[in-house]
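Trainee: Quick one, model.cif (mmCIF, C-alpha atoms):
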```cif
data_upload
loop_
_atom_site.group_PDB
_atom_site.id
_atom_site.type_symbol
_atom_site.label_atom_id
_atom_site.label_comp_id
_atom_site.auth_asym_id
_atom_site.auth_seq_id
_atom_site.Cartn_x
_atom_site.Cartn_y
_atom_site.Cartn_z
ATOM 1 C CA MET A 145 -75.173 -79.974 -5.309
ATOM 2 C CA LYS A 146 -71.833 -80.744 -3.710
ATOM 3 C CA GLU A 147 -72.701 -84.441 -3.754
ATOM 4 C CA VAL A 148 -73.569 -84.319 -7.466
ATOM 5 C CA LYS A 149 -70.329 -82.438 -8.189
ATOM 6 C CA TRP A 150 -68.229 -85.022 -6.336
ATOM 7 C CA ASN A 151 -70.009 -87.864 -8.154
ATOM 8 C CA LEU A 152 -69.158 -86.225 -11.501
ATOM 9 C CA ILE A 153 -65.531 -85.861 -10.464
ATOM 10 C CA ILE A 154 -65.303 -89.466 -9.324
ATOM 11 C CA PHE A 155 -66.977 -90.650 -12.538
ATOM 12 C CA SER A 156 -64.547 -88.586 -14.647
ATOM 13 C CA ILE A 157 -61.572 -90.042 -12.810
ATOM 14 C CA LEU A 158 -62.843 -93.608 -13.290
ATOM 15 C CA LEU A 159 -63.562 -92.956 -16.964
ATOM 16 C CA LEU A 160 -60.062 -91.586 -17.527
ATOM 17 C CA ALA A 161 -58.518 -94.568 -15.744
ATOM 18 C CA MET A 162 -60.496 -96.988 -17.910
ATOM 19 C CA ILE A 163 -59.401 -95.249 -21.098
ATOM 20 C CA LEU A 164 -55.742 -95.172 -20.060
ATOM 21 C CA SER A 165 -55.842 -98.884 -19.145
ATOM 22 C CA GLY A 166 -56.944 -99.908 -22.649
ATOM 23 C CA CYS A 167 -60.737 -99.763 -22.436
ATOM 24 C CA ALA A 168 -63.087 -98.058 -24.876
ATOM 25 C CA VAL A 169 -66.514 -96.485 -24.377
ATOM 26 C CA GLU A 170 -69.439 -96.807 -26.771
ATOM 27 C CA ASP A 171 -72.095 -94.123 -27.277
ATOM 28 C CA ASN A 172 -74.453 -95.996 -24.995
ATOM 29 C CA ASP A 173 -71.942 -95.649 -22.133
ATOM 30 C CA ASP A 174 -71.320 -99.461 -22.004
ATOM 31 C CA PHE A 175 -67.684 -100.314 -21.342
ATOM 32 C CA ILE A 176 -65.960 -102.838 -23.717
ATOM 33 C CA ILE A 177 -62.705 -104.397 -22.556
ATOM 34 C CA VAL A 178 -60.094 -104.535 -25.344
ATOM 35 C CA ASP A 179 -57.689 -107.502 -25.046
ATOM 36 C CA ASP A 180 -54.111 -106.454 -25.752
ATOM 37 C CA SER A 181 -52.427 -109.312 -23.861
ATOM 38 C CA ALA A 182 -50.596 -111.905 -25.948
ATOM 39 C CA PRO A 183 -50.897 -115.634 -25.226
ATOM 40 C CA ALA A 184 -48.101 -117.413 -23.425
ATOM 41 C CA ARG A 185 -45.161 -118.584 -25.476
ATOM 42 C CA PRO A 186 -45.554 -122.222 -26.606
ATOM 43 C CA ARG A 187 -43.426 -124.624 -24.580
ATOM 44 C CA GLY A 188 -41.782 -127.975 -25.156
ATOM 45 C CA VAL A 189 -40.894 -127.389 -28.786
ATOM 46 C CA ARG A 190 -38.946 -130.330 -30.227
ATOM 47 C CA SER A 191 -38.055 -131.677 -33.646
ATOM 48 C CA VAL A 192 -37.953 -135.110 -35.241
ATOM 49 C CA THR A 193 -35.451 -135.499 -38.060
ATOM 50 C CA GLY A 194 -36.562 -137.240 -41.223
ATOM 51 C CA ASP A 195 -35.506 -137.936 -44.774
ATOM 52 C CA GLY A 196 -36.284 -134.697 -46.634
ATOM 53 C CA GLN A 197 -38.596 -133.513 -43.864
ATOM 54 C CA ILE A 198 -38.621 -132.240 -40.273
ATOM 55 C CA LEU A 199 -41.461 -132.691 -37.788
ATOM 56 C CA ILE A 200 -41.962 -129.859 -35.265
ATOM 57 C CA GLU A 201 -43.995 -130.555 -32.095
ATOM 58 C CA TRP A 202 -44.988 -128.464 -29.048
ATOM 59 C CA TYR A 203 -47.141 -128.540 -25.916
ATOM 60 C CA PRO A 204 -50.647 -126.998 -26.202
ATOM 61 C CA ASN A 205 -51.468 -123.562 -24.803
ATOM 62 C CA GLU A 206 -54.365 -123.210 -22.338
ATOM 63 C CA GLU A 207 -55.882 -119.815 -23.319
ATOM 64 C CA THR A 208 -59.600 -119.915 -24.126
ATOM 65 C CA ASP A 209 -59.238 -117.250 -26.828
ATOM 66 C CA LEU A 210 -56.339 -118.988 -28.578
ATOM 67 C CA LYS A 211 -56.701 -118.805 -32.368
ATOM 68 C CA GLY A 212 -53.593 -120.728 -33.420
ATOM 69 C CA TYR A 213 -49.843 -121.028 -33.735
ATOM 70 C CA VAL A 214 -47.240 -119.646 -36.119
ATOM 71 C CA ILE A 215 -44.180 -121.704 -37.080
ATOM 72 C CA TYR A 216 -40.978 -119.791 -37.824
ATOM 73 C CA ARG A 217 -37.777 -121.020 -39.486
ATOM 74 C CA SER A 218 -34.298 -119.627 -39.986
ATOM 75 C CA PHE A 219 -30.876 -120.615 -41.285
ATOM 76 C CA SER A 220 -29.313 -118.764 -38.345
ATOM 77 C CA GLU A 221 -29.624 -119.562 -34.650
ATOM 78 C CA TYR A 222 -30.506 -116.122 -33.325
ATOM 79 C CA LYS A 223 -31.938 -114.044 -36.185
ATOM 80 C CA ASP A 224 -33.803 -113.885 -39.495
ATOM 81 C CA TYR A 225 -36.767 -116.035 -38.489
ATOM 82 C CA VAL A 226 -39.431 -116.180 -41.214
ATOM 83 C CA GLU A 227 -42.990 -117.448 -40.890
ATOM 84 C CA ILE A 228 -43.482 -120.695 -42.819
ATOM 85 C CA ALA A 229 -46.914 -121.825 -41.590
ATOM 86 C CA THR A 230 -49.958 -120.956 -39.464
ATOM 87 C CA VAL A 231 -52.049 -123.703 -37.855
ATOM 88 C CA GLY A 232 -55.210 -123.846 -35.743
ATOM 89 C CA PRO A 233 -55.499 -123.972 -31.936
ATOM 90 C CA LYS A 234 -55.946 -127.761 -31.771
ATOM 91 C CA VAL A 235 -52.877 -128.537 -33.892
ATOM 92 C CA ARG A 236 -49.793 -129.646 -31.963
ATOM 93 C CA SER A 237 -47.314 -130.353 -34.757
ATOM 94 C CA TYR A 238 -46.182 -129.339 -38.228
ATOM 95 C CA ILE A 239 -44.178 -131.175 -40.912
ATOM 96 C CA ASP A 240 -41.775 -129.039 -42.923
ATOM 97 C CA ASN A 241 -41.263 -130.730 -46.287
ATOM 98 C CA ASP A 242 -39.499 -127.761 -47.834
ATOM 99 C CA VAL A 243 -36.061 -128.784 -46.578
ATOM 100 C CA LYS A 244 -32.881 -130.209 -48.051
ATOM 101 C CA ASN A 245 -30.974 -133.147 -46.612
ATOM 102 C CA GLY A 246 -27.685 -132.066 -45.070
ATOM 103 C CA THR A 247 -28.804 -128.467 -44.363
ATOM 104 C CA THR A 248 -29.388 -127.260 -40.788
ATOM 105 C CA TYR A 249 -32.602 -125.362 -39.990
ATOM 106 C CA TYR A 250 -33.712 -123.542 -36.811
ATOM 107 C CA TYR A 251 -37.348 -123.456 -35.655
ATOM 108 C CA ALA A 252 -39.481 -121.583 -33.127
ATOM 109 C CA VAL A 253 -43.249 -121.346 -32.519
ATOM 110 C CA THR A 254 -45.513 -118.500 -31.368
ATOM 111 C CA ALA A 255 -49.172 -118.435 -30.226
ATOM 112 C CA PHE A 256 -51.789 -115.821 -31.229
ATOM 113 C CA ASP A 257 -55.362 -115.014 -30.183
ATOM 114 C CA TYR A 258 -58.520 -113.719 -31.883
ATOM 115 C CA ASP A 259 -57.547 -110.109 -31.180
ATOM 116 C CA GLY A 260 -54.331 -110.465 -33.158
ATOM 117 C CA ASN A 261 -52.021 -110.565 -30.149
ATOM 118 C CA GLU A 262 -48.997 -112.774 -30.761
ATOM 119 C CA SER A 263 -46.556 -114.150 -28.214
ATOM 120 C CA ASP A 264 -42.798 -113.998 -28.326
ATOM 121 C CA LEU A 265 -40.941 -116.898 -29.877
ATOM 122 C CA SER A 266 -40.958 -120.133 -27.894
ATOM 123 C CA PRO A 267 -38.156 -120.359 -25.298
ATOM 124 C CA GLU A 268 -36.932 -123.518 -27.045
ATOM 125 C CA ILE A 269 -35.248 -122.846 -30.386
ATOM 126 C CA VAL A 270 -34.673 -126.216 -32.043
ATOM 127 C CA ASP A 271 -32.180 -126.982 -34.778
ATOM 128 C CA ASP A 272 -32.404 -129.928 -37.123
ATOM 129 C CA THR A 273 -30.518 -131.404 -40.062
ATOM 130 C CA PRO A 274 -32.572 -133.819 -42.196
ATOM 131 C CA ARG A 275 -30.715 -136.804 -43.639
ATOM 132 C CA PRO A 276 -31.400 -139.650 -46.088
ATOM 133 C CA ALA A 277 -32.679 -142.963 -44.773
ATOM 134 C CA GLY A 278 -33.955 -146.271 -46.124
ATOM 135 C CA LYS A 279 -35.536 -149.567 -45.197
ATOM 136 C CA ASN A 280 -35.213 -153.278 -45.894
ATOM 137 C CA VAL A 281 -31.673 -153.537 -47.219
ATOM 138 C CA LYS A 282 -30.844 -157.233 -47.558
ATOM 139 C CA LEU A 283 -27.234 -158.405 -47.511
ATOM 140 C CA PHE A 284 -26.123 -161.983 -48.130
ATOM 141 C CA ASP A 285 -23.101 -163.831 -46.820
ATOM 142 C CA TYR A 286 -19.983 -162.519 -48.576
ATOM 143 C CA ILE A 287 -18.649 -166.052 -49.220
ATOM 144 C CA LEU A 288 -21.908 -167.537 -50.521
ATOM 145 C CA ASP A 289 -22.992 -164.479 -52.523
ATOM 146 C CA PRO A 290 -20.173 -161.890 -52.660
ATOM 147 C CA ASN A 291 -21.908 -159.626 -55.196
ATOM 148 C CA ARG A 292 -24.822 -158.996 -52.807
ATOM 149 C CA SER A 293 -23.049 -158.631 -49.486
ATOM 150 C CA GLY A 294 -21.833 -155.006 -49.259
ATOM 151 C CA PHE A 295 -23.367 -151.577 -48.572
ATOM 152 C CA ASP A 296 -22.110 -148.021 -49.124
ATOM 153 C CA PHE A 297 -23.947 -145.416 -47.003
ATOM 154 C CA SER A 298 -22.848 -142.509 -49.188
ATOM 155 C CA ASP A 299 -24.093 -144.222 -52.361
ATOM 156 C CA ALA A 300 -27.160 -146.000 -50.989
ATOM 157 C CA ASN A 301 -29.156 -145.500 -54.200
ATOM 158 C CA LYS A 302 -27.055 -148.215 -55.802
ATOM 159 C CA GLY A 303 -28.395 -150.661 -53.261
ATOM 160 C CA VAL A 304 -26.543 -153.843 -52.399
ATOM 161 C CA GLN A 305 -23.025 -154.051 -53.847
ATOM 162 C CA PRO A 306 -20.082 -156.488 -53.918
ATOM 163 C CA PHE A 307 -18.317 -156.498 -50.555
ATOM 164 C CA ASP A 308 -14.942 -155.727 -52.150
ATOM 165 C CA ARG A 309 -16.131 -152.837 -54.313
ATOM 166 C CA ARG A 310 -14.371 -149.540 -53.727
ATOM 167 C CA GLY A 311 -16.294 -147.247 -51.384
ATOM 168 C CA VAL A 312 -18.313 -149.978 -49.659
ATOM 169 C CA ASP A 313 -18.439 -149.368 -45.896
ATOM 170 C CA ILE A 314 -19.805 -152.599 -44.418
ATOM 171 C CA TYR A 315 -20.569 -156.158 -45.465
ATOM 172 C CA PHE A 316 -22.250 -159.235 -43.991
ATOM 173 C CA GLY A 317 -20.897 -162.686 -43.319
ATOM 174 C CA VAL A 318 -20.871 -165.701 -41.033
ATOM 175 C CA GLY A 319 -17.843 -166.667 -38.969
ATOM 176 C CA ASN A 320 -16.774 -168.771 -36.033
ATOM 177 C CA ILE A 321 -15.959 -167.810 -32.461
ATOM 178 C CA ASP A 322 -13.115 -169.877 -30.985
ATOM 179 C CA GLY A 323 -13.501 -172.248 -33.920
ATOM 180 C CA GLU A 324 -16.739 -173.623 -32.520
ATOM 181 C CA LEU A 325 -19.724 -171.235 -32.425
ATOM 182 C CA THR A 326 -21.025 -170.077 -35.837
ATOM 183 C CA VAL A 327 -22.165 -166.433 -35.631
ATOM 184 C CA PRO A 328 -23.433 -163.821 -38.153
ATOM 185 C CA PHE A 329 -21.375 -160.615 -38.271
ATOM 186 C CA ILE A 330 -21.358 -157.102 -39.688
ATOM 187 C CA TYR A 331 -17.840 -156.436 -40.955
ATOM 188 C CA ALA A 332 -16.091 -153.127 -41.623
ATOM 189 C CA THR A 333 -14.337 -152.945 -44.978
ATOM 190 C CA SER A 334 -11.366 -151.099 -43.482
ATOM 191 C CA ASP A 335 -9.913 -149.884 -40.197
ATOM 192 C CA ASP A 336 -11.223 -146.415 -41.084
ATOM 193 C CA VAL A 337 -14.820 -147.622 -40.564
ATOM 194 C CA GLU A 338 -15.616 -147.536 -36.848
ATOM 195 C CA MET A 339 -18.756 -149.126 -35.387
ATOM 196 C CA GLN A 340 -20.619 -149.501 -32.118
ATOM 197 C CA ASP A 341 -23.432 -151.849 -31.046
ATOM 198 C CA MET A 342 -25.987 -149.628 -29.283
ATOM 199 C CA GLY A 343 -27.943 -152.643 -28.011
ATOM 200 C CA TYR A 344 -31.579 -153.568 -28.467
ATOM 201 C CA THR A 345 -33.974 -150.773 -29.479
ATOM 202 C CA LYS A 346 -37.690 -150.807 -30.196
ATOM 203 C CA SER A 347 -37.120 -148.682 -33.286
ATOM 204 C CA MET A 348 -34.406 -146.890 -35.233
ATOM 205 C CA ASP A 349 -35.514 -143.616 -33.686
ATOM 206 C CA ASP A 350 -34.528 -144.742 -30.204
ATOM 207 C CA VAL A 351 -30.951 -143.825 -31.100
ATOM 208 C CA ASP A 352 -30.971 -140.110 -31.828
ATOM 209 C CA MET A 353 -27.235 -139.423 -31.678
ATOM 210 C CA SER A 354 -24.219 -141.474 -32.601
ATOM 211 C CA PRO A 355 -21.435 -141.691 -30.048
ATOM 212 C CA VAL A 356 -18.313 -139.795 -31.070
ATOM 213 C CA GLU A 357 -15.838 -142.038 -29.280
ATOM 214 C CA GLY A 358 -15.556 -145.547 -27.883
ATOM 215 C CA PHE A 359 -16.092 -147.260 -31.232
ATOM 216 C CA THR A 360 -14.893 -150.766 -32.004
ATOM 217 C CA PHE A 361 -13.121 -151.777 -35.201
ATOM 218 C CA GLY A 362 -13.455 -154.577 -37.668
ATOM 219 C CA VAL A 363 -16.527 -156.567 -36.706
ATOM 220 C CA VAL A 364 -19.678 -156.700 -34.535
ATOM 221 C CA GLU A 365 -22.093 -159.548 -34.024
ATOM 222 C CA ALA A 366 -25.342 -159.108 -35.995
ATOM 223 C CA ILE A 367 -28.373 -159.401 -33.687
ATOM 224 C CA ILE A 368 -32.048 -158.850 -34.556
ATOM 225 C CA GLY A 369 -33.424 -155.678 -32.973
ATOM 226 C CA HIS A 370 -30.021 -154.133 -32.311
ATOM 227 C CA THR A 371 -29.064 -150.694 -33.622
ATOM 228 C CA TYR A 372 -25.486 -149.981 -34.675
ATOM 229 C CA CYS A 373 -23.766 -146.628 -35.210
ATOM 230 C CA PHE A 374 -20.876 -146.010 -37.574
ATOM 231 C CA TYR A 375 -18.212 -143.352 -38.005
ATOM 232 C CA LEU A 376 -17.093 -143.389 -41.617
ATOM 233 C CA PRO A 377 -13.840 -142.352 -43.321
ATOM 234 C CA ASP A 378 -15.426 -139.248 -44.901
ATOM 235 C CA ASN A 379 -16.256 -137.845 -41.397
ATOM 236 C CA ASN A 380 -19.935 -138.786 -41.623
ATOM 237 C CA PHE A 381 -22.053 -140.732 -39.128
ATOM 238 C CA ALA A 382 -24.581 -143.457 -39.939
ATOM 239 C CA LYS A 383 -26.679 -146.126 -38.257
ATOM 240 C CA ILE A 384 -28.549 -149.339 -39.032
ATOM 241 C CA ARG A 385 -31.127 -151.412 -37.151
ATOM 242 C CA ILE A 386 -31.358 -155.124 -37.946
ATOM 243 C CA THR A 387 -34.959 -156.181 -38.559
ATOM 244 C CA ASP A 388 -34.476 -159.758 -39.804
ATOM 245 C CA LEU A 389 -31.756 -162.375 -39.908
ATOM 246 C CA LYS A 390 -31.398 -165.938 -41.156
ATOM 247 C CA MET A 391 -28.628 -168.526 -41.027
ATOM 248 C CA ASP A 392 -29.102 -172.127 -42.246
ATOM 249 C CA LEU A 393 -26.524 -174.795 -41.405
ATOM 250 C CA VAL A 394 -25.987 -178.367 -42.579
ATOM 251 C CA GLY A 395 -23.629 -179.784 -40.056
ATOM 252 C CA ASP A 396 -20.895 -177.158 -39.758
ATOM 253 C CA ASP A 397 -21.505 -175.792 -43.241
ATOM 254 C CA VAL A 398 -23.444 -172.574 -43.856
ATOM 255 C CA ILE A 399 -25.776 -173.036 -46.816
ATOM 256 C CA ASN A 400 -27.803 -169.824 -46.534
ATOM 257 C CA ALA A 401 -27.342 -166.600 -44.571
ATOM 258 C CA TRP A 402 -28.693 -163.052 -44.888
ATOM 259 C CA VAL A 403 -29.494 -159.963 -42.850
ATOM 260 C CA VAL A 404 -32.101 -157.193 -43.341
ATOM 261 C CA PHE A 405 -31.716 -153.694 -41.876
ATOM 262 C CA ASP A 406 -32.996 -150.120 -41.981
ATOM 263 C CA TRP A 407 -30.439 -147.330 -42.273
ATOM 264 C CA ALA A 408 -29.828 -143.574 -41.886
ATOM 265 C CA TYR A 409 -26.861 -141.491 -43.027
ATOM 266 C CA GLN A 410 -25.986 -137.960 -41.920
ATOM 267 C CA LEU A 411 -24.795 -135.899 -44.894
ATOM 268 C CA GLN A 412 -23.412 -133.070 -42.759
ATOM 269 C CA LYS A 413 -19.829 -133.921 -41.974
ATOM 270 C CA GLY A 414 -18.997 -134.191 -38.296
ATOM 271 C CA ASN A 415 -22.663 -134.080 -37.230
ATOM 272 C CA PRO A 416 -23.613 -137.143 -35.108
ATOM 273 C CA GLU A 417 -27.348 -136.312 -35.146
ATOM 274 C CA LEU A 418 -29.310 -139.249 -36.526
ATOM 275 C CA ALA A 419 -32.821 -138.336 -35.313
ATOM 276 C CA PRO A 420 -35.086 -137.758 -33.606
ATOM 277 C CA ALA A 421 -33.670 -135.534 -30.891
ATOM 278 C CA LYS A 422 -35.056 -133.398 -28.091
ATOM 279 C CA LYS A 423 -33.211 -130.143 -28.440
ATOM 280 C CA GLY A 424 -31.765 -127.908 -25.753
ATOM 281 C CA ILE A 425 -33.049 -124.460 -24.856
ATOM 282 C CA MET A 426 -31.454 -121.650 -26.851
ATOM 283 C CA PRO A 427 -33.431 -118.427 -26.239
ATOM 284 C CA VAL A 428 -33.492 -115.722 -28.890
ATOM 285 C CA VAL A 429 -32.815 -112.537 -26.951
ATOM 286 C CA GLY A 430 -34.850 -109.487 -27.875
ATOM 287 C CA TYR A 431 -36.728 -111.085 -30.773
ATOM 288 C CA LYS A 432 -40.513 -110.886 -30.910
ATOM 289 C CA GLY A 433 -42.577 -112.617 -33.550
ATOM 290 C CA GLY A 434 -44.883 -110.546 -35.699
ATOM 291 C CA MET A 435 -48.073 -111.398 -37.534
ATOM 292 C CA LYS A 436 -47.522 -111.561 -41.256
#
```
Represent the structure from my file as structure tokens, please.

Mentor:
Amino acid sequence: MKEVKWNLIIFSILLLAMILSGCAVEDNDDFIIVDDSAPARPRGVRSVTGDGQILIEWYPNEETDLKGYVIYRSFSEYKDYVEIATVGPKVRSYIDNDVKNGTTYYYAVTAFDYDGNESDLSPEIVDDTPRPAGKNVKLFDYILDPNRSGFDFSDANKGVQPFDRRGVDIYFGVGNIDGELTVPFIYATSDDVEMQDMGYTKSMDDVDMSPVEGFTFGVVEAIIGHTYCFYLPDNNFAKIRITDLKMDLVGDDVINAWVVFDWAYQLQKGNPELAPAKKGIMPVVGYKGGMK
């Protein structure tokens, strides 16, 4: 009898411990483990700036019971995050098309499982400011074709403009170096337009930020594959990447010359971000995401 009594006591203690640790008991005395542990916070969150859109990416979680991810957005760095999308466990990115060029947005990602447990916000909080961009702008030599030689970043919808039109930032032309070598150039329309050759890049996106100092003035040589950054008189940054270039000579005379480039222009004054950019870590202290 003593042995039976001790067995009942031990069983009662074990049963109480199981209940207190988050387990439940069915009528048939089978124990069912209830999962109340949230997945790990998603890591490696980054953004890619676009024209009227922002791409959010993250590293995959490894939990076997992962059900998906929740993407949060805010207009403030450390508060007021609102769910904007939920995606499945195999999805690693999300494109936010509900954004306005020139406005800064903050993003974080959480992970959740099939039991409804959701992680805290990702340790990386990324900010992004979408900006307008365009492709295949073709400028002609300002002497041969002055009405199709200039470009105004802030009024890009007008396309190619005369190089001497008010507001034009840059124009294209051919000149000589030391009176001998004929070279194509990108010219600034005034000393208030600063420029910098960032060298050869495989794509426009290789240059994510404009420099904020060390610019040159007046003129840079136009080279296929090179990306150039600009600081403009209205305190905005811009960039171009030359994709094609042609210069035909007859003797020393230029008979045909043009350049083709892609461009991006940051609407937010003083912001050198030109996309895409890997953001720094800015943890949101004390904030926990919640299922909506």

Trainee: Choose the residue, out of A:Asp285, A:Asp224, A:Asp240, A:Asp259, that has the smallest atom-to-atom separation from Ile399 (chain A); count only C-alpha atoms.

Mentor: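 Closest residue, counting only C-alpha atoms: A:Asp285.
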
Trainee: Near Val318 (chain A), counting only C-alpha atoms, which residues have an atom at most 9 Å away, once you skip same-chain residues fewer than 4 positions from it, shown as a list in words?

Mentor: Asp285, Tyr286, Ile287, Thr326, Val327, Pro328, Phe329, Ile330, Met391, Val398 and Ala401 of chain A

Trainee: Could you list, as a VMD selection string, every residue matched by the PyMOL selection byres ((chain A and resi 218-221) around 7) in this structure?

Mentor: chain A and resid 217 222 to 226 248 to 251

Trainee: What's around Asp336 (chain A) at 10 Å? Count only C-alpha atoms, leave out sequence neighbours fewer than 3 positions away in its own chain, and write the answer as a CSV table (one decimal) with C-alpha atoms, in the frame of the given file.

Mentor:
```csv
chain,number,residue,atom,x,y,z
A,313,ASP,CA,-18.4,-149.4,-45.9
A,332,ALA,CA,-16.1,-153.1,-41.6
A,333,THR,CA,-14.3,-152.9,-45.0
A,339,MET,CA,-18.8,-149.1,-35.4
A,361,PHE,CA,-13.1,-151.8,-35.2
A,362,GLY,CA,-13.5,-154.6,-37.7
A,375,TYR,CA,-18.2,-143.4,-38.0
A,376,LEU,CA,-17.1,-143.4,-41.6
A,377,PRO,CA,-13.8,-142.4,-43.3
A,378,ASP,CA,-15.4,-139.2,-44.9
A,379,ASN,CA,-16.3,-137.8,-41.4
```

Trainee: Tell me, in Å to one decimal, how far CA of Ala182 (chain A) is from CA of Phe256 (chain A).

Mentor: 6.7 Å

Trainee: Written as a PDB file with C-alpha atoms, keeping the file's coordinate frame, what is the full residue list that the PyMOL selection byres ((chain A and resi 350-355) around 10) yields on the file shown?

Mentor:
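selection.pdb, freshly written:
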```pdb
ATOM      1  CA  VAL A 192     -37.953-135.110 -35.241  1.00  0.00           C
ATOM      2  CA  THR A 193     -35.451-135.499 -38.060  1.00  0.00           C
ATOM      3  CA  MET A 339     -18.756-149.126 -35.387  1.00  0.00           C
ATOM      4  CA  GLN A 340     -20.619-149.501 -32.118  1.00  0.00           C
ATOM      5  CA  MET A 342     -25.987-149.628 -29.283  1.00  0.00           C
ATOM      6  CA  GLY A 343     -27.943-152.643 -28.011  1.00  0.00           C
ATOM      7  CA  TYR A 344     -31.579-153.568 -28.467  1.00  0.00           C
ATOM      8  CA  THR A 345     -33.974-150.773 -29.479  1.00  0.00           C
ATOM      9  CA  LYS A 346     -37.690-150.807 -30.196  1.00  0.00           C
ATOM     10  CA  SER A 347     -37.120-148.682 -33.286  1.00  0.00           C
ATOM     11  CA  MET A 348     -34.406-146.890 -35.233  1.00  0.00           C
ATOM     12  CA  ASP A 349     -35.514-143.616 -33.686  1.00  0.00           C
ATOM     13  CA  VAL A 356     -18.313-139.795 -31.070  1.00  0.00           C
ATOM     14  CA  GLU A 357     -15.838-142.038 -29.280  1.00  0.00           C
ATOM     15  CA  GLY A 358     -15.556-145.547 -27.883  1.00  0.00           C
ATOM     16  CA  PHE A 359     -16.092-147.260 -31.232  1.00  0.00           C
ATOM     17  CA  THR A 371     -29.064-150.694 -33.622  1.00  0.00           C
ATOM     18  CA  TYR A 372     -25.486-149.981 -34.675  1.00  0.00           C
ATOM     19  CA  CYS A 373     -23.766-146.628 -35.210  1.00  0.00           C
ATOM     20  CA  PHE A 374     -20.876-146.010 -37.574  1.00  0.00           C
ATOM     21  CA  TYR A 375     -18.212-143.352 -38.005  1.00  0.00           C
ATOM     22  CA  PHE A 381     -22.053-140.732 -39.128  1.00  0.00           C
ATOM     23  CA  ALA A 382     -24.581-143.457 -39.939  1.00  0.00           C
ATOM     24  CA  LYS A 383     -26.679-146.126 -38.257  1.00  0.00           C
ATOM     25  CA  ILE A 384     -28.549-149.339 -39.032  1.00  0.00           C
ATOM     26  CA  ARG A 385     -31.127-151.412 -37.151  1.00  0.00           C
ATOM     27  CA  ASN A 415     -22.663-134.080 -37.230  1.00  0.00           C
ATOM     28  CA  PRO A 416     -23.613-137.143 -35.108  1.00  0.00           C
ATOM     29  CA  GLU A 417     -27.348-136.312 -35.146  1.00  0.00           C
ATOM     30  CA  LEU A 418     -29.310-139.249 -36.526  1.00  0.00           C
ATOM     31  CA  ALA A 419     -32.821-138.336 -35.313  1.00  0.00           C
ATOM     32  CA  PRO A 420     -35.086-137.758 -33.606  1.00  0.00           C
ATOM     33  CA  ALA A 421     -33.670-135.534 -30.891  1.00  0.00           C
ATOM     34  CA  LYS A 422     -35.056-133.398 -28.091  1.00  0.00           C
TER      35      LYS A 422
END
```

Trainee: Given all atoms listed in the file as the basis, pick out the residue of A:Ser334, A:Asn291, A:Gln197, A:Gln305 nearest to Val363 (chain A).

Mentor: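 Smallest distance to Val363 (chain A) is found for A:Ser334.
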
Trainee: Can you translate the PyMOL selection byres ((chain A and resi 267-277) around 7) into the concrete residues it hits in this file, as a PyMOL selection string?

Mentor: chain A and resi 187-191+193-198+244-252+265-266+278+407-411+423-427

Trainee: Measuring atom to atom with all atoms listed in the file, identify which of A:Glu201, A:Glu338, A:Glu365, A:Asp179 is nearest to Glu262 (chain A).

Mentor: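 Smallest distance to Glu262 (chain A) is found for A:Asp179.
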
Trainee: For a quick check of understanding, using all atoms listed in the file, which of A:Leu210, A:Ile314, A:Val243, A:Val231 has the smallest distance to Arg185 (chain A)?

Mentor: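 Closest residue, counting all atoms listed in the file: A:Leu210.
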
Trainee: So which one's closest to Leu199 (chain A), A:Arg292, A:Arg236, A:Lys279, A:Lys390? Using all atoms listed in the file, please.

Mentor: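 For Leu199 (chain A), the nearest of the candidates is A:Arg236.
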
Trainee: Have a look at A:Ile200, A:Val214, A:Leu325, A:Ala229 and name the one nearest to Asp397 (chain A); count only C-alpha atoms.

Mentor: A:Leu325

Trainee: Can you list, as a list of chain:residue names, every protein, DNA or RNA residue that comes within 8 Å of Val403 (chain A) when you count all atoms listed in the file, leaving out same-chain residues fewer than 5 positions away?

Mentor: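 Final neighbour list, sorted by chain and number: A:Lys282, A:Leu283, A:Phe284, A:Phe316, A:Ile386, A:Thr387, A:Asp388, A:Leu389, A:Lys390.
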